[in-house]
Structure formats: structure tokens, C-alpha cells
Amino acid sequence: MTGDWQIVFGAVRKTKKHNSSVRSLRKCPQRQGICLKVRIVKPKKPNSAQRKIVKVRLTTKRNAMCRIIGQGHNLRDFSNVLVSGGRAPDLPGVRYRLIKGKLDFSRVERITRRYRRSKYGVPLRTYF
């Protein structure tokens with residue numbers, strides 16, 4: 001009954017406010033940042049691994065926890081990186097990823113990638 005009363009007597013319906021899950025990027029697809037601390041964390045249950053993450057100071061003056069994708073990296077403190085959205089589901093508070101092959105983040109990996117190359121910044125080579 002309360003819902004009908006609000007409509008009848010001219011109450012204005014409020015639109016829902018939608019929050020972005022990547023607020024630190026400030027509505028941009030990518031942002032540049034500087035690595036403050038490179039560290040290793042363990043994921044939530046039931047997963048078990050050693051995930052590499054970086055604390056990054058973005059150009060928006062905000063700090064963000066970012067996941068290092070792929071196998072092997074060359075990042076150290078004060079490396080310049082390019083940050084994009086995309087969270088790590090088993091790491092609480094990690095909502096961003098780093099883009100390989102841009103700025104100081106090398107795309108060299110320990111293995112030769114033939115599949116999913118674009119995710120990890122590996123150029124097309126002839127394998128046959």
C-alpha cells in the first residue's frame with residue numbers, strides 16, 4: 001500500500017546510484033602509475049598459490065592494488081606501469097591488472113605462449 005500512496009501523491013522516484021568497481025581510474029580505460037611495493041600474497045580459500053601483486057600510485061593520486069598477470073615479471077619499486085580494470089576473484093581488495101609490454105613492464109615470460117597471447121602482450125610468431 002505504501003508504494004501506491006507515493007505514486008498517487010506525486011512523490012518523485014529516486015533513480016538508483018550505480019557505483020563503478022574501478023573508481024581509481026576515474027572513468028578512463030587505463031591509467032599510468034608508479035610501483036610502490038611489489039609483494040606476494042596467498043588467495044582466499046579454497047585456492048592455494050602465491051599471487052604476485054603490486055601497490056601502485058596512479059596519476060589520479062590514488063593508490064591501487066594490482067595483479068601481475070602471467071609467469072615471471074621484471075617489476076621493482078618505482079617502475080612505471082599501465083593499469084587497467086579487472087579484478088582477481090580470489091584476492092580481496094585487488095581490483096586492477098597491469099598491462100604487459102607497456103612502459104617498464106616487460107612481456108618476456110618463462111614459457112613460450114601460443115594461446116591467449118593478447119592477454120599477456122605476446123606478439124604473433126610463426127610456430128610451424
# chains A, B, ... in the order shown; residues from 1 in each chain; ligands from 1

call {"tool": "select_by_dssp", "arguments": {"residues": "region 29-107 of chain A", "states": "strand (DSSP E or B)", "output": "ChimeraX atom specification"}}
result
/A:30-41,51-58,63-67,80-85,96-98

call {"tool": "select_by_dssp", "arguments": {"residues": "chain A", "states": "alpha helix (DSSP H)", "output": "list in words"}}
result
Thr2, Gly3, Asp4, Trp5, Gln6, Ile7 and Val8 of chain A

call {"tool": "atom_distance", "arguments": {"atom1": "CA of Val83 (chain A)", "atom2": "CA of Arg107 (chain A)"}}
result
14.6 Å

call {"tool": "residues_around", "arguments": {"residues": "Ser118 (chain A)", "least_positions_apart": "6", "cutoff": "12 Å", "atoms": "only C-alpha atoms", "output": "VMD selection string"}}
result
chain A and resid 69 to 70 99 to 101 107 124

call {"tool": "atom_distance", "arguments": {"atom1": "CA of Tyr115 (chain A)", "atom2": "CA of Ser84 (chain A)"}}
result
21.3 Å

call {"tool": "residues_around", "arguments": {"residues": "region 71-75 of chain A", "least_positions_apart": "4", "cutoff": "12 Å", "atoms": "only C-alpha atoms", "output": "CSV table (one decimal) with C-alpha atoms, in the first residue's frame"}}
result
chain,number,residue,atom,x,y,z
A,34,ILE,CA,54.3,4.0,-10.3
A,35,CYS,CA,55.0,0.8,-8.3
A,36,LEU,CA,55.3,1.5,-4.6
A,37,LYS,CA,55.7,-2.1,-3.3
A,38,VAL,CA,55.9,-5.5,-5.0
A,39,ARG,CA,54.8,-8.4,-2.9
A,50,GLN,CA,51.4,-17.4,-4.4
A,51,ARG,CA,50.0,-14.5,-6.3
A,52,LYS,CA,52.1,-11.6,-7.2
A,53,ILE,CA,50.6,-8.1,-6.6
A,54,VAL,CA,51.8,-4.5,-6.7
A,55,LYS,CA,50.8,-1.4,-4.8
A,56,VAL,CA,50.6,1.3,-7.4
A,67,ARG,CA,47.6,-8.1,-10.0
A,79,SER,CA,58.7,1.1,-12.2
A,80,ASN,CA,56.2,2.8,-14.5
A,81,VAL,CA,53.2,0.6,-15.3
A,98,LEU,CA,48.7,-4.5,-15.1
A,99,ILE,CA,49.2,-4.4,-18.9
A,100,LYS,CA,52.2,-6.4,-20.1
A,101,GLY,CA,54.6,-4.9,-22.7
A,102,LYS,CA,53.9,-1.3,-21.9
A,103,LEU,CA,56.3,1.2,-20.2
A,104,ASP,CA,58.6,-0.7,-17.8
A,105,PHE,CA,56.6,-3.9,-17.6
A,106,SER,CA,58.4,-6.4,-19.9
A,107,ARG,CA,56.3,-9.0,-21.8
A,108,VAL,CA,59.1,-11.7,-21.5
A,109,GLU,CA,57.8,-14.9,-19.8
A,110,ARG,CA,59.3,-18.2,-18.7
A,111,ILE,CA,57.3,-20.1,-21.3
A,112,THR,CA,56.6,-19.7,-25.0
A,113,ARG,CA,52.9,-18.7,-25.4
A,120,TYR,CA,49.8,-11.3,-22.0

call {"tool": "residues_around", "arguments": {"residues": "Lys61 (chain A)", "least_positions_apart": "4", "cutoff": "10 Å", "atoms": "only C-alpha atoms", "output": "ChimeraX atom specification"}}
result
/A:24,33,56-57

call {"tool": "residues_around", "arguments": {"residues": "Leu91 (chain A)", "least_positions_apart": "6", "cutoff": "12 Å", "atoms": "only C-alpha atoms", "output": "JSON, numbers by chain"}}
result
{"A": [40, 41, 42, 43, 44, 45, 46, 47, 48, 49, 50, 51, 52, 53, 65, 66, 67, 97]}

call {"tool": "write_last_selection", "arguments": {"atoms": "N, CA and C atoms", "output": "short mmCIF file (atom, residue, chain, number, x, y, z; two decimals), in the first residue's frame"}}
result
data_model
loop_
_atom_site.label_atom_id
_atom_site.label_comp_id
_atom_site.auth_asym_id
_atom_site.auth_seq_id
_atom_site.Cartn_x
_atom_site.Cartn_y
_atom_site.Cartn_z
N ILE A 40 54.02 -10.65 -2.50
CA ILE A 40 53.34 -11.92 -2.80
C ILE A 40 52.29 -12.16 -1.72
N VAL A 41 51.07 -12.53 -2.13
CA VAL A 41 50.00 -12.83 -1.18
C VAL A 41 49.39 -14.20 -1.52
N LYS A 42 48.71 -14.76 -0.52
CA LYS A 42 48.02 -16.03 -0.72
C LYS A 42 46.54 -15.76 -0.96
N PRO A 43 45.90 -16.50 -1.86
CA PRO A 43 44.48 -16.28 -2.15
C PRO A 43 43.57 -16.83 -1.06
N LYS A 44 42.28 -16.49 -1.18
CA LYS A 44 41.27 -16.99 -0.25
C LYS A 44 41.05 -18.49 -0.45
N LYS A 45 40.41 -19.09 0.56
CA LYS A 45 40.02 -20.49 0.43
C LYS A 45 39.04 -20.63 -0.72
N PRO A 46 39.02 -21.73 -1.44
CA PRO A 46 39.80 -22.95 -1.29
C PRO A 46 41.07 -22.95 -2.11
N ASN A 47 41.42 -21.82 -2.74
CA ASN A 47 42.59 -21.78 -3.60
C ASN A 47 43.88 -21.72 -2.78
N SER A 48 44.94 -22.20 -3.41
CA SER A 48 46.24 -22.19 -2.75
C SER A 48 47.29 -21.87 -3.79
N ALA A 49 47.99 -20.75 -3.60
CA ALA A 49 49.01 -20.34 -4.57
C ALA A 49 49.81 -19.21 -3.95
N GLN A 50 50.68 -18.63 -4.77
CA GLN A 50 51.43 -17.44 -4.37
C GLN A 50 51.21 -16.42 -5.47
N ARG A 51 50.31 -15.48 -5.26
CA ARG A 51 49.96 -14.50 -6.28
C ARG A 51 50.83 -13.26 -6.12
N LYS A 52 51.31 -12.74 -7.25
CA LYS A 52 52.15 -11.55 -7.22
C LYS A 52 51.28 -10.31 -7.41
N ILE A 53 51.38 -9.37 -6.49
CA ILE A 53 50.63 -8.12 -6.60
C ILE A 53 51.55 -6.94 -6.37
N MET A 65 45.79 -1.61 -5.55
CA MET A 65 46.45 -2.91 -5.54
C MET A 65 46.18 -3.56 -6.89
N CYS A 66 47.25 -3.98 -7.59
CA CYS A 66 47.13 -4.52 -8.95
C CYS A 66 47.75 -5.91 -9.02
N ARG A 67 47.16 -6.74 -9.85
CA ARG A 67 47.64 -8.10 -10.04
C ARG A 67 48.64 -8.13 -11.19
N ARG A 97 44.47 -4.72 -12.92
CA ARG A 97 45.50 -5.56 -13.52
C ARG A 97 46.51 -4.67 -14.24
#

call {"tool": "closest_residue", "arguments": {"among": "A:Ile68, A:Leu58, A:Val94, A:Leu82", "to": "Ser21 (chain A)", "atoms": "only C-alpha atoms"}}
result
A:Val94

call {"tool": "residues_around", "arguments": {"residues": "Ser20 (chain A)", "least_positions_apart": "6", "cutoff": "12 Å", "atoms": "only C-alpha atoms", "output": "list in words"}}
result
Arg26, Lys27, Cys28, Gly85, Gly86 and Arg95 of chain A
